[in-house]
Amino acid sequence: MQKKVSAAVRAFGCAHKAGLALLGGGVAALGVFWAARRSAAAMQWWVEYVSMPVKRFVSALVEPLPFSFCELAATAAILICLVRLVQRIVRAMHRKQAGFAAWVLHVGTAAVWIYAGVCALWGTQYYAPSFAAQANMQAPALSVEQLAATTVWFGEQVNAAADTVPRDETGLFAVGKEKILLNTGHVYDGIVAEYPFLAGPHRSPKPAFYSKLMSAAGFTGYLCPLFGESTLNVDCPAVFLPATIAHEFSHQRGVAAEQEANFVAIRASTTCGDAAYEYSGWLMGYLYLSNAWYSADPQAASENYRTLCDAARTDLADNNAYWAKWEGPVKEAGSTVYTGFLRGYDQTLGMKSYGACVDLLVEYYYPMAQGE
């Protein structure tokens, strides 16, 4: 029996030399990344001269498409894998050579190379100089008093901006999602003037065909690492869509860490001169700040929440109600998978890193809250 197995393994190796070599090449590429990522200089060079130029070139190719090319490519890849698997099952049912091992080899090789591509075009950004470093921000430890003052100030900005956007008969934010997706060319004008290193070509956000699936997994948007394309969930409430677009745009411009991407999104949204984006940005910032304040002082944070205008509280209640519908195992699985993905690049906070933007928000806006 052992001889037969050994002979079968040798025969498989001889018949699939090219596939095995390709698999080995993918593993080697990952090894190079894991070894090189400890060198900040190497990562900075790679991001500046290789990964960012490649992504900008590829994103320019898919830019004219009105749909997400990433979704199309992923759908095609999954369908091809399933069709090939069904073919092998049918062959096995007819007592013909099924070739399941070859199918596993091909799928495994593709998966390894896709992940290697993600590491090369996205993972390297986690090890290049961060936004905070380039902006000379330290994100120092903050006090509850500083957090409270900044949250109160953000609430005031929310109240001022809430009346500047259209609302429906129930008082909800009523800017059309299509308009939000189309009106994006100016979103980074204000922040680029402040942080020139965020300059880059404009790329249009794409509406996700699988938006409900994204909601089930707990996602509002994502940047495809291989194509540099932003895909947005257009099923969830529109109130945070502008700030989410600004968040994905920050990734396109080299900001990797989620907490930094959130800070950049809030800063970009509130300085772009568009009422919908400004309100969305202030509300997103208030949400993160008030959640952090609630963890430290639930009573004070709750009292401050009641100072928000009815329009803002209506928008937040509608958003909370929407996401409550999707609580369940799929969302938990999505969170677990993405947390693992982030931690694979030494982002130890995982999904919690989204809320960690609070330190940056307080550092930047606390002086404004004090009238400085």
# chains A, B, ... in the order shown; residues from 1 in each chain; ligands from 1

call {"tool": "residues_around", "arguments": {"residues": "A:Asn304", "least_positions_apart": "2", "cutoff": "12 Å", "atoms": "only C-alpha atoms", "output": "number ranges by chain"}}
result
A: 148-156, 286-287, 289-291, 293-294, 297-302, 306-309, 313

call {"tool": "residues_around", "arguments": {"residues": "A:Thr270", "least_positions_apart": "5", "cutoff": "9 Å", "atoms": "only C-alpha atoms", "output": "NGL selection string"}}
result
:A and (190 or 265 or 275 or 277-282)

call {"tool": "residues_around", "arguments": {"residues": "A:Gly176", "least_positions_apart": "4", "cutoff": "9 Å", "atoms": "only C-alpha atoms", "output": "CSV table (one decimal) with N, CA, C and O atoms, in the first residue's frame"}}
result
chain,number,residue,atom,x,y,z
A,180,ILE,N,-24.1,61.1,-4.0
A,180,ILE,CA,-22.9,61.0,-3.2
A,180,ILE,C,-21.8,60.3,-3.9
A,180,ILE,O,-20.6,60.8,-3.8
A,181,LEU,N,-22.1,59.2,-4.6
A,181,LEU,CA,-21.0,58.5,-5.3
A,181,LEU,C,-20.4,59.3,-6.5
A,181,LEU,O,-19.3,59.2,-6.8
A,238,ALA,N,-27.6,56.0,4.0
A,238,ALA,CA,-26.7,56.9,3.3
A,238,ALA,C,-25.9,57.8,4.1
A,238,ALA,O,-24.9,58.4,3.7

call {"tool": "residues_around", "arguments": {"residues": "A:Ile191", "least_positions_apart": "5", "cutoff": "10 Å", "atoms": "only C-alpha atoms", "output": "number ranges by chain"}}
result
A: 196-199, 264-272

call {"tool": "closest_atom_pairs", "arguments": {"of": "stretch 66-160 of chain A", "to": "stretch 239-256 of chain A", "cutoff": "10 Å", "atoms": "only C-alpha atoms", "output": "tab-separated table"}}
result
residue	atom	partner	partner_atom	distance
A:Trp122	CA	A:Ala256	CA	7.8
A:Gly123	CA	A:Ala256	CA	8.3
A:Thr124	CA	A:Ala256	CA	9.1
A:Gln125	CA	A:Ala256	CA	5.8
A:Tyr126	CA	A:Ala256	CA	5.6
A:Tyr127	CA	A:Ala256	CA	9.0
A:Ala128	CA	A:Ala256	CA	9.1
A:Pro129	CA	A:Val255	CA	9.3
A:Ser130	CA	A:Val255	CA	6.9
A:Phe131	CA	A:Val255	CA	6.0
A:Ala132	CA	A:Val255	CA	9.4

call {"tool": "write_last_selection", "arguments": {"atoms": "all heavy atoms", "output": "PDB file, in the first residue's frame"}}
result
ATOM      1  N   TRP A 122      -0.527  45.766  -0.878  1.00  0.00           N
ATOM      2  CA  TRP A 122      -1.232  46.369   0.251  1.00  0.00           C
ATOM      3  C   TRP A 122      -0.510  46.148   1.578  1.00  0.00           C
ATOM      4  O   TRP A 122      -0.305  47.091   2.338  1.00  0.00           O
ATOM      5  CB  TRP A 122      -2.660  45.821   0.348  1.00  0.00           C
ATOM      6  CG  TRP A 122      -3.392  46.368   1.519  1.00  0.00           C
ATOM      7  CD1 TRP A 122      -3.815  45.693   2.618  1.00  0.00           C
ATOM      8  CD2 TRP A 122      -3.769  47.737   1.740  1.00  0.00           C
ATOM      9  NE1 TRP A 122      -4.444  46.540   3.511  1.00  0.00           N
ATOM     10  CE2 TRP A 122      -4.420  47.805   2.991  1.00  0.00           C
ATOM     11  CE3 TRP A 122      -3.598  48.908   0.991  1.00  0.00           C
ATOM     12  CZ2 TRP A 122      -4.908  49.002   3.513  1.00  0.00           C
ATOM     13  CZ3 TRP A 122      -4.091  50.108   1.525  1.00  0.00           C
ATOM     14  CH2 TRP A 122      -4.733  50.136   2.757  1.00  0.00           C
ATOM     15  N   GLY A 123      -0.130  44.914   1.866  1.00  0.00           N
ATOM     16  CA  GLY A 123       0.505  44.616   3.142  1.00  0.00           C
ATOM     17  C   GLY A 123       1.754  45.443   3.395  1.00  0.00           C
ATOM     18  O   GLY A 123       2.046  45.818   4.540  1.00  0.00           O
ATOM     19  N   THR A 124       2.492  45.757   2.355  1.00  0.00           N
ATOM     20  CA  THR A 124       3.712  46.543   2.509  1.00  0.00           C
ATOM     21  C   THR A 124       3.427  47.936   3.064  1.00  0.00           C
ATOM     22  O   THR A 124       4.286  48.536   3.733  1.00  0.00           O
ATOM     23  CB  THR A 124       4.435  46.669   1.167  1.00  0.00           C
ATOM     24  OG1 THR A 124       3.498  47.083   0.155  1.00  0.00           O
ATOM     25  CG2 THR A 124       5.046  45.338   0.744  1.00  0.00           C
ATOM     26  N   GLN A 125       2.211  48.469   2.820  1.00  0.00           N
ATOM     27  CA  GLN A 125       1.891  49.815   3.290  1.00  0.00           C
ATOM     28  C   GLN A 125       1.827  49.896   4.815  1.00  0.00           C
ATOM     29  O   GLN A 125       2.035  50.966   5.394  1.00  0.00           O
ATOM     30  CB  GLN A 125       0.563  50.284   2.691  1.00  0.00           C
ATOM     31  CG  GLN A 125       0.666  50.593   1.210  1.00  0.00           C
ATOM     32  CD  GLN A 125      -0.591  51.216   0.637  1.00  0.00           C
ATOM     33  OE1 GLN A 125      -0.730  51.323  -0.565  1.00  0.00           O
ATOM     34  NE2 GLN A 125      -1.515  51.627   1.480  1.00  0.00           N
ATOM     35  N   TYR A 126       1.544  48.782   5.481  1.00  0.00           N
ATOM     36  CA  TYR A 126       1.496  48.792   6.937  1.00  0.00           C
ATOM     37  C   TYR A 126       2.883  49.007   7.548  1.00  0.00           C
ATOM     38  O   TYR A 126       2.991  49.384   8.714  1.00  0.00           O
ATOM     39  CB  TYR A 126       0.926  47.471   7.462  1.00  0.00           C
ATOM     40  CG  TYR A 126      -0.557  47.310   7.222  1.00  0.00           C
ATOM     41  CD1 TYR A 126      -1.032  46.437   6.245  1.00  0.00           C
ATOM     42  CD2 TYR A 126      -1.490  48.023   7.974  1.00  0.00           C
ATOM     43  CE1 TYR A 126      -2.395  46.277   6.031  1.00  0.00           C
ATOM     44  CE2 TYR A 126      -2.853  47.876   7.765  1.00  0.00           C
ATOM     45  CZ  TYR A 126      -3.296  46.999   6.786  1.00  0.00           C
ATOM     46  OH  TYR A 126      -4.648  46.846   6.571  1.00  0.00           O
ATOM     47  N   TYR A 127       3.907  48.756   6.777  1.00  0.00           N
ATOM     48  CA  TYR A 127       5.275  48.822   7.304  1.00  0.00           C
ATOM     49  C   TYR A 127       6.051  50.019   6.744  1.00  0.00           C
ATOM     50  O   TYR A 127       7.194  50.239   7.117  1.00  0.00           O
ATOM     51  CB  TYR A 127       6.013  47.522   6.998  1.00  0.00           C
ATOM     52  CG  TYR A 127       5.294  46.331   7.588  1.00  0.00           C
ATOM     53  CD1 TYR A 127       4.419  45.561   6.821  1.00  0.00           C
ATOM     54  CD2 TYR A 127       5.444  46.001   8.931  1.00  0.00           C
ATOM     55  CE1 TYR A 127       3.729  44.499   7.363  1.00  0.00           C
ATOM     56  CE2 TYR A 127       4.765  44.932   9.485  1.00  0.00           C
ATOM     57  CZ  TYR A 127       3.904  44.177   8.698  1.00  0.00           C
ATOM     58  OH  TYR A 127       3.205  43.131   9.245  1.00  0.00           O
ATOM     59  N   ALA A 128       5.418  50.786   5.858  1.00  0.00           N
ATOM     60  CA  ALA A 128       6.002  52.036   5.377  1.00  0.00           C
ATOM     61  C   ALA A 128       5.657  53.139   6.386  1.00  0.00           C
ATOM     62  O   ALA A 128       4.835  52.938   7.286  1.00  0.00           O
ATOM     63  CB  ALA A 128       5.455  52.357   3.995  1.00  0.00           C
ATOM     64  N   PRO A 129       6.257  54.332   6.282  1.00  0.00           N
ATOM     65  CA  PRO A 129       5.925  55.409   7.215  1.00  0.00           C
ATOM     66  C   PRO A 129       4.427  55.678   7.258  1.00  0.00           C
ATOM     67  O   PRO A 129       3.772  55.802   6.217  1.00  0.00           O
ATOM     68  CB  PRO A 129       6.702  56.601   6.638  1.00  0.00           C
ATOM     69  CG  PRO A 129       7.879  55.982   5.974  1.00  0.00           C
ATOM     70  CD  PRO A 129       7.357  54.717   5.367  1.00  0.00           C
ATOM     71  N   SER A 130       3.866  55.766   8.445  1.00  0.00           N
ATOM     72  CA  SER A 130       2.432  55.933   8.629  1.00  0.00           C
ATOM     73  C   SER A 130       1.999  57.366   8.356  1.00  0.00           C
ATOM     74  O   SER A 130       2.817  58.285   8.266  1.00  0.00           O
ATOM     75  CB  SER A 130       2.053  55.565  10.066  1.00  0.00           C
ATOM     76  OG  SER A 130       2.628  56.494  10.973  1.00  0.00           O
ATOM     77  N   PHE A 131       0.688  57.557   8.276  1.00  0.00           N
ATOM     78  CA  PHE A 131       0.164  58.918   8.135  1.00  0.00           C
ATOM     79  C   PHE A 131       0.571  59.764   9.331  1.00  0.00           C
ATOM     80  O   PHE A 131       1.014  60.900   9.175  1.00  0.00           O
ATOM     81  CB  PHE A 131      -1.366  58.886   8.020  1.00  0.00           C
ATOM     82  CG  PHE A 131      -1.992  60.240   8.222  1.00  0.00           C
ATOM     83  CD1 PHE A 131      -2.029  61.152   7.186  1.00  0.00           C
ATOM     84  CD2 PHE A 131      -2.497  60.614   9.469  1.00  0.00           C
ATOM     85  CE1 PHE A 131      -2.573  62.429   7.385  1.00  0.00           C
ATOM     86  CE2 PHE A 131      -3.040  61.872   9.669  1.00  0.00           C
ATOM     87  CZ  PHE A 131      -3.082  62.781   8.620  1.00  0.00           C
ATOM     88  N   ALA A 132       0.424  59.216  10.535  1.00  0.00           N
ATOM     89  CA  ALA A 132       0.742  59.979  11.739  1.00  0.00           C
ATOM     90  C   ALA A 132       2.197  60.430  11.736  1.00  0.00           C
ATOM     91  O   ALA A 132       2.508  61.567  12.114  1.00  0.00           O
ATOM     92  CB  ALA A 132       0.441  59.152  12.983  1.00  0.00           C
TER      93      ALA A 132
END

call {"tool": "select_by_dssp", "arguments": {"residues": "stretch 88-209 of chain A", "states": "helix (DSSP H, G or I)", "output": "PyMOL selection string"}}
result
chain A and resi 88-93+100-121+123-127+131-134+144-162+177-182+189-194+196-198

call {"tool": "closest_residue", "arguments": {"among": "A:Ser59, A:Ser295, A:Gln370, A:Ser215", "to": "A:Lys331", "atoms": "only C-alpha atoms"}}
result
A:Ser215

call {"tool": "select_by_dssp", "arguments": {"residues": "stretch 77-249 of chain A", "states": "strand (DSSP E or B)", "output": "list in words"}}
result
Arg167, Phe173, Lys206, Pro207, Gly221, Tyr222, Leu223, Cys224, Glu229, Ser230, Thr231 and Leu232 of chain A

call {"tool": "closest_residue", "arguments": {"among": "A:Leu283, A:Ala276, A:Val58, A:Ala101", "to": "A:Pro166", "atoms": "only C-alpha atoms"}}
result
A:Ala276

call {"tool": "atom_distance", "arguments": {"atom1": "atom CA of A:Val112", "atom2": "atom CA of A:Leu23"}}
result
7.2 Å

call {"tool": "residues_around", "arguments": {"residues": "A:Glu71", "least_positions_apart": "3", "cutoff": "12 Å", "atoms": "only C-alpha atoms", "output": "PyMOL selection string"}}
result
chain A and resi 62+65-68+74-78+206-211+213-214+222-224+226-227+229-232

call {"tool": "write_last_selection", "arguments": {"atoms": "C-alpha atoms", "output": "compact mmCIF listing (two decimals), in the first residue's frame"}}
result
# COMPACT_ATOMS: atom_id res chain seq x y z
CA VAL A 62 -10.74 49.97 -14.39
CA LEU A 65 -16.20 50.89 -15.62
CA PRO A 66 -19.50 51.81 -13.89
CA PHE A 67 -19.31 48.67 -11.75
CA SER A 68 -16.77 47.13 -9.41
CA ALA A 74 -13.95 37.59 -7.70
CA THR A 75 -17.24 36.26 -9.04
CA ALA A 76 -15.57 34.88 -12.16
CA ALA A 77 -12.80 33.23 -10.14
CA ILE A 78 -15.27 31.55 -7.77
CA LYS A 206 -18.02 51.91 -7.28
CA PRO A 207 -21.38 50.70 -5.90
CA ALA A 208 -21.25 47.10 -4.70
CA PHE A 209 -23.54 44.62 -6.43
CA TYR A 210 -23.21 42.42 -3.36
CA SER A 211 -24.11 45.20 -0.91
CA LEU A 213 -23.78 40.41 1.49
CA MET A 214 -21.41 43.13 2.70
CA TYR A 222 -13.41 48.13 0.96
CA LEU A 223 -10.43 48.91 -1.21
CA CYS A 224 -9.38 46.10 -3.52
CA LEU A 226 -4.96 44.29 -6.42
CA PHE A 227 -6.84 46.90 -8.45
CA GLU A 229 -10.55 50.26 -6.60
CA SER A 230 -13.00 51.39 -3.89
CA THR A 231 -16.26 49.43 -3.62
CA LEU A 232 -19.03 50.78 -1.40

call {"tool": "atom_distance", "arguments": {"atom1": "atom CA of A:Ala110", "atom2": "atom CA of A:Gly26"}}
result
8.8 Å

call {"tool": "closest_residue", "arguments": {"among": "A:Gln347, A:Thr314, A:Thr164, A:Thr184", "to": "A:Pro237", "atoms": "only C-alpha atoms"}}
result
A:Thr314

call {"tool": "residues_around", "arguments": {"residues": "A:Cys357", "least_positions_apart": "3", "cutoff": "9 Å", "atoms": "only C-alpha atoms", "output": "ChimeraX atom specification"}}
result
/A:139,258-263,285,288-289,353-354,360-362

call {"tool": "atom_distance", "arguments": {"atom1": "atom CA of A:Gly344", "atom2": "atom CA of A:Trp46"}}
result
19.1 Å

call {"tool": "residues_around", "arguments": {"residues": "A:Leu105", "least_positions_apart": "5", "cutoff": "10 Å", "atoms": "only C-alpha atoms", "output": "NGL selection string"}}
result
:A and (16 or 19-20 or 22-23 or 99-100 or 110-111)

call {"tool": "write_last_selection", "arguments": {"atoms": "C-alpha atoms", "output": "PDB file, in the first residue's frame"}}
result
ATOM      1  CA  HIS A  16       2.440  18.622 -12.396  1.00  0.00           C
ATOM      2  CA  GLY A  19       2.117  23.706 -11.046  1.00  0.00           C
ATOM      3  CA  LEU A  20       4.255  22.663  -8.104  1.00  0.00           C
ATOM      4  CA  LEU A  22       4.462  27.861  -9.434  1.00  0.00           C
ATOM      5  CA  LEU A  23       3.190  27.041  -5.962  1.00  0.00           C
ATOM      6  CA  GLY A  99      -8.122  14.709 -10.723  1.00  0.00           C
ATOM      7  CA  PHE A 100      -9.162  16.173  -7.376  1.00  0.00           C
ATOM      8  CA  ALA A 110      -3.983  30.649  -7.215  1.00  0.00           C
ATOM      9  CA  ALA A 111      -4.801  31.437  -3.573  1.00  0.00           C
TER      10      ALA A 111
END

call {"tool": "closest_residue", "arguments": {"among": "A:Cys119, A:Ala92, A:Val144, A:Ala18", "to": "A:Gly31", "atoms": "only C-alpha atoms"}}
result
A:Cys119

call {"tool": "closest_residue", "arguments": {"among": "A:Leu30, A:Cys14, A:Val337, A:Ala369", "to": "A:Val118", "atoms": "only C-alpha atoms"}}
result
A:Leu30
